[in-house]
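> What follows is the file work02.cif, containing mmCIF, C-alpha atoms:
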```cif
data_start
#
loop_
_atom_site.label_atom_id
_atom_site.label_comp_id
_atom_site.auth_asym_id
_atom_site.auth_seq_id
_atom_site.Cartn_x
_atom_site.Cartn_y
_atom_site.Cartn_z
CA MET A 127 0.00 0.00 0.00
CA ALA A 128 1.32 3.47 -0.91
CA LYS A 129 1.89 5.99 1.84
CA ALA A 130 -0.27 9.09 1.76
CA LYS A 131 1.64 12.36 1.80
CA ALA A 132 0.31 15.66 3.01
CA VAL A 133 -0.03 18.26 0.28
CA PRO A 134 1.85 21.48 1.14
CA GLN A 135 -0.52 24.40 1.63
CA HIS A 136 -0.15 27.92 0.33
CA ASP A 137 0.45 30.78 2.76
CA LEU A 138 -2.06 33.64 2.44
CA ILE A 139 -2.01 37.14 3.93
CA LEU A 140 -4.82 39.69 3.91
CA ILE A 141 -3.81 43.27 4.74
CA SER A 142 -6.22 46.16 5.27
CA TRP A 143 -4.67 49.63 5.05
CA THR A 144 -5.60 53.30 5.37
CA ARG A 145 -4.05 56.75 4.90
CA ASN A 146 -4.45 59.80 7.12
CA PRO A 147 -7.35 61.71 5.49
CA LEU A 148 -6.05 65.03 6.83
CA HIS A 149 -2.71 64.69 4.99
CA PRO A 150 -3.10 63.96 1.25
CA GLY A 151 -0.37 61.65 0.01
CA SER A 152 0.43 60.36 3.47
CA ALA A 153 1.92 56.89 3.89
CA ARG A 154 -0.37 53.85 3.93
CA ARG A 155 -0.58 52.21 7.35
CA ILE A 156 -1.80 48.74 8.25
CA VAL A 157 -5.17 48.66 10.01
CA ALA A 158 -5.41 44.87 10.35
CA SER A 159 -3.89 41.74 8.88
CA ARG A 160 -4.74 38.05 8.84
CA VAL A 161 -2.33 35.23 8.08
CA ILE A 162 -3.34 31.76 6.94
CA GLY A 163 -0.27 29.59 7.19
CA SER A 164 2.93 31.47 7.91
CA ALA A 165 4.30 34.96 7.25
CA ASP A 166 7.80 34.16 8.53
CA PRO A 167 10.16 35.97 8.62
CA CYS A 168 8.00 39.09 8.10
CA THR A 169 5.39 38.59 10.82
CA PHE A 170 6.57 41.60 12.84
CA THR A 171 5.89 43.95 9.90
CA LEU A 172 2.17 43.13 9.84
CA ALA A 173 1.22 44.82 13.11
CA PRO A 174 -1.45 47.56 13.10
CA LYS A 175 -0.18 51.14 12.61
CA ARG A 176 3.02 49.94 10.89
CA LEU A 177 3.86 51.19 7.41
CA LEU A 178 2.48 49.07 4.58
CA ILE A 179 5.55 49.72 2.41
CA ASN A 180 7.82 48.08 5.01
CA ALA A 181 5.63 44.96 5.12
CA LEU A 182 5.52 44.76 1.32
CA ASN A 183 9.27 45.23 1.00
CA CYS A 184 9.81 42.28 3.32
CA LEU A 185 7.09 40.00 1.91
CA LEU A 186 7.87 40.65 -1.77
CA ASP A 187 11.59 39.98 -1.34
CA ALA A 188 12.59 37.26 -3.82
CA ASP A 189 13.86 35.00 -1.02
CA ILE A 190 10.54 35.15 0.85
CA GLY A 191 8.40 34.34 -2.18
CA PHE A 192 5.09 36.16 -1.63
CA LYS A 193 3.23 37.67 -4.59
CA VAL A 194 0.32 40.11 -4.60
CA VAL A 195 -2.64 38.20 -6.08
CA PHE A 196 -5.33 40.84 -5.47
CA ARG A 197 -5.44 44.51 -4.52
CA LYS A 198 -8.41 46.84 -4.20
CA LYS A 199 -8.79 50.48 -3.20
CA THR A 200 -12.06 50.75 -1.30
CA SER A 201 -11.89 54.56 -1.16
CA SER A 202 -9.35 57.30 -1.80
CA ILE A 203 -7.80 56.61 1.64
CA SER A 204 -8.22 52.86 2.20
CA GLY A 205 -7.91 49.46 0.61
CA PHE A 206 -6.68 45.91 1.01
CA LEU A 207 -4.26 43.40 -0.49
CA VAL A 208 -4.07 39.63 -0.65
CA LEU A 209 -0.64 38.00 -0.92
CA GLU A 210 0.14 34.34 -1.59
CA ARG A 211 3.22 32.17 -1.25
CA ASN A 212 3.42 28.80 -2.97
CA PRO A 213 5.03 25.98 -1.02
#
```
As structure tokens, how would this structure be written, given the file I've shared?

Amino acid sequence: MAKAKAVPQHDLILISWTRNPLHPGSARRIVASRVIGSADPCTFTLAPKRLLINALNCLLDADIGFKVVFRKKTSSISGFLVLERNP
């Protein structure tokens, strides 16, 4: 009988962000994030009030392997992203 092997799962991250409405062009900051799987080694960058650009720079690094699979601006000052990493 053949042994059953577990299929590696994808890692998913959902990030909700916002800008300061009183300062046009201000930096995007993380409001909330959810991780399915693992966000290592970038977990610390996903905390609320941290800069979105820092999280993206870490997650999109070629060695980490995440890719943006969906992005949506929900208003002129807010939006969300979904990132995925294949096993």
> With a distance cut-off of 9 Å and all atoms listed in the file, select the neighbouring residues of Ile162 of chain A, excluding the residue or stretch itself and same-chain residues fewer than 4 positions from it, and output the selection as JSON, numbers by chain.
{"A": [136, 137, 138, 139, 140]}
> Could the residues in this selection be saved with C-alpha atoms as a short mmCIF file (atom, residue, chain, number, x, y, z; two decimals), keeping the file's coordinate frame?

```cif
data_model
loop_
_atom_site.label_atom_id
_atom_site.label_comp_id
_atom_site.auth_asym_id
_atom_site.auth_seq_id
_atom_site.Cartn_x
_atom_site.Cartn_y
_atom_site.Cartn_z
CA HIS A 136 -0.15 27.92 0.33
CA ASP A 137 0.45 30.78 2.76
CA LEU A 138 -2.06 33.64 2.44
CA ILE A 139 -2.01 37.14 3.93
CA LEU A 140 -4.82 39.69 3.91
#
```
> Would you list the contacts of Arg176 of chain A as a PyMOL selection string, taking every protein, DNA or RNA residue within 10 Å and counting all atoms listed in the file, but skipping same-chain residues closer than 3 positions in sequence?
chain A and resi 143+153-158+170-173+179-181
> Evaluate the PyMOL selection byres ((chain A and resi 134) around 12) against this structure - the residues, as a PyMOL selection string, please.
chain A and resi 131-133+135-137+163+211-213
> Neighbours of Leu185 of chain A within 8 Å (all atoms listed in the file; same-chain residues fewer than 5 positions away dropped), as a list in words?
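Contacts, in chain order: Ala165, Cys168, Ile190, Gly191, Phe192 and Lys193 of chain A.
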> Rounded to one decimal place, report the atom CA of Pro147 of chain A-atom CA of Leu209 of chain A distance in Å.
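These two atoms are separated by 25.5 Å.
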> Can you report as lines of an AutoDock Vina configuration file the centre and edge lengths in Å, to one decimal, of an axis-aligned box around the listed atoms of segment 135-138 of chain A padded with 6 Å on each side?

```
center_x = -0.8
center_y = 29.0
center_z = 1.5
size_x = 14.5
size_y = 21.2
size_z = 14.4
```
> Quick one, how far is atom CA of Phe196 of chain A from atom CA of Ile141 of chain A?
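Interatomic distance, atom CA of Phe196 of chain A to atom CA of Ile141 of chain A: 10.6 Å.
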> Report, in Å to a single decimal, how far apart atom CA of Ile203 of chain A and atom CA of Asn146 of chain A are.
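Going from atom CA of Asn146 of chain A over to atom CA of Ile203 of chain A, I get 7.2 Å.
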> Got a minute to add N, CA, C and O atoms to segment 144-156 of chain A and dump it as a PDB file, keeping the file's coordinate frame?

```pdb
ATOM      1  N   THR A 144      -4.964  51.987   5.475  1.00  0.00           N
ATOM      2  CA  THR A 144      -5.600  53.300   5.370  1.00  0.00           C
ATOM      3  C   THR A 144      -4.531  54.383   5.361  1.00  0.00           C
ATOM      4  O   THR A 144      -3.398  54.155   5.783  1.00  0.00           O
ATOM      5  N   ARG A 145      -4.907  55.553   4.876  1.00  0.00           N
ATOM      6  CA  ARG A 145      -4.050  56.750   4.900  1.00  0.00           C
ATOM      7  C   ARG A 145      -4.686  57.755   5.852  1.00  0.00           C
ATOM      8  O   ARG A 145      -5.882  57.716   6.106  1.00  0.00           O
ATOM      9  N   ASN A 146      -3.920  58.717   6.312  1.00  0.00           N
ATOM     10  CA  ASN A 146      -4.450  59.800   7.120  1.00  0.00           C
ATOM     11  C   ASN A 146      -5.229  60.745   6.202  1.00  0.00           C
ATOM     12  O   ASN A 146      -4.643  61.348   5.303  1.00  0.00           O
ATOM     13  N   PRO A 147      -6.552  60.876   6.394  1.00  0.00           N
ATOM     14  CA  PRO A 147      -7.350  61.710   5.490  1.00  0.00           C
ATOM     15  C   PRO A 147      -7.033  63.197   5.591  1.00  0.00           C
ATOM     16  O   PRO A 147      -7.370  63.967   4.686  1.00  0.00           O
ATOM     17  N   LEU A 148      -6.379  63.619   6.656  1.00  0.00           N
ATOM     18  CA  LEU A 148      -6.050  65.030   6.830  1.00  0.00           C
ATOM     19  C   LEU A 148      -4.757  65.422   6.124  1.00  0.00           C
ATOM     20  O   LEU A 148      -4.449  66.609   6.015  1.00  0.00           O
ATOM     21  N   HIS A 149      -3.979  64.426   5.659  1.00  0.00           N
ATOM     22  CA  HIS A 149      -2.710  64.690   4.990  1.00  0.00           C
ATOM     23  C   HIS A 149      -2.691  63.947   3.646  1.00  0.00           C
ATOM     24  O   HIS A 149      -2.302  62.779   3.596  1.00  0.00           O
ATOM     25  N   PRO A 150      -3.110  64.609   2.566  1.00  0.00           N
ATOM     26  CA  PRO A 150      -3.100  63.960   1.250  1.00  0.00           C
ATOM     27  C   PRO A 150      -1.703  63.441   0.910  1.00  0.00           C
ATOM     28  O   PRO A 150      -0.693  64.098   1.168  1.00  0.00           O
ATOM     29  N   GLY A 151      -1.656  62.244   0.366  1.00  0.00           N
ATOM     30  CA  GLY A 151      -0.370  61.650   0.010  1.00  0.00           C
ATOM     31  C   GLY A 151       0.384  61.030   1.167  1.00  0.00           C
ATOM     32  O   GLY A 151       1.541  60.642   1.004  1.00  0.00           O
ATOM     33  N   SER A 152      -0.253  60.945   2.325  1.00  0.00           N
ATOM     34  CA  SER A 152       0.430  60.360   3.470  1.00  0.00           C
ATOM     35  C   SER A 152       0.666  58.859   3.246  1.00  0.00           C
ATOM     36  O   SER A 152       0.029  58.235   2.399  1.00  0.00           O
ATOM     37  N   ALA A 153       1.562  58.296   4.020  1.00  0.00           N
ATOM     38  CA  ALA A 153       1.920  56.890   3.890  1.00  0.00           C
ATOM     39  C   ALA A 153       0.740  55.988   4.263  1.00  0.00           C
ATOM     40  O   ALA A 153      -0.062  56.326   5.130  1.00  0.00           O
ATOM     41  N   ARG A 154       0.658  54.839   3.595  1.00  0.00           N
ATOM     42  CA  ARG A 154      -0.370  53.850   3.930  1.00  0.00           C
ATOM     43  C   ARG A 154       0.069  53.082   5.173  1.00  0.00           C
ATOM     44  O   ARG A 154       1.209  52.638   5.261  1.00  0.00           O
ATOM     45  N   ARG A 155      -0.863  52.944   6.118  1.00  0.00           N
ATOM     46  CA  ARG A 155      -0.580  52.210   7.350  1.00  0.00           C
ATOM     47  C   ARG A 155      -1.521  51.016   7.475  1.00  0.00           C
ATOM     48  O   ARG A 155      -2.677  51.075   7.076  1.00  0.00           O
ATOM     49  N   ILE A 156      -1.017  49.959   8.063  1.00  0.00           N
ATOM     50  CA  ILE A 156      -1.800  48.740   8.250  1.00  0.00           C
ATOM     51  C   ILE A 156      -2.838  48.959   9.340  1.00  0.00           C
ATOM     52  O   ILE A 156      -2.521  49.447  10.421  1.00  0.00           O
TER      53      ILE A 156
END
```
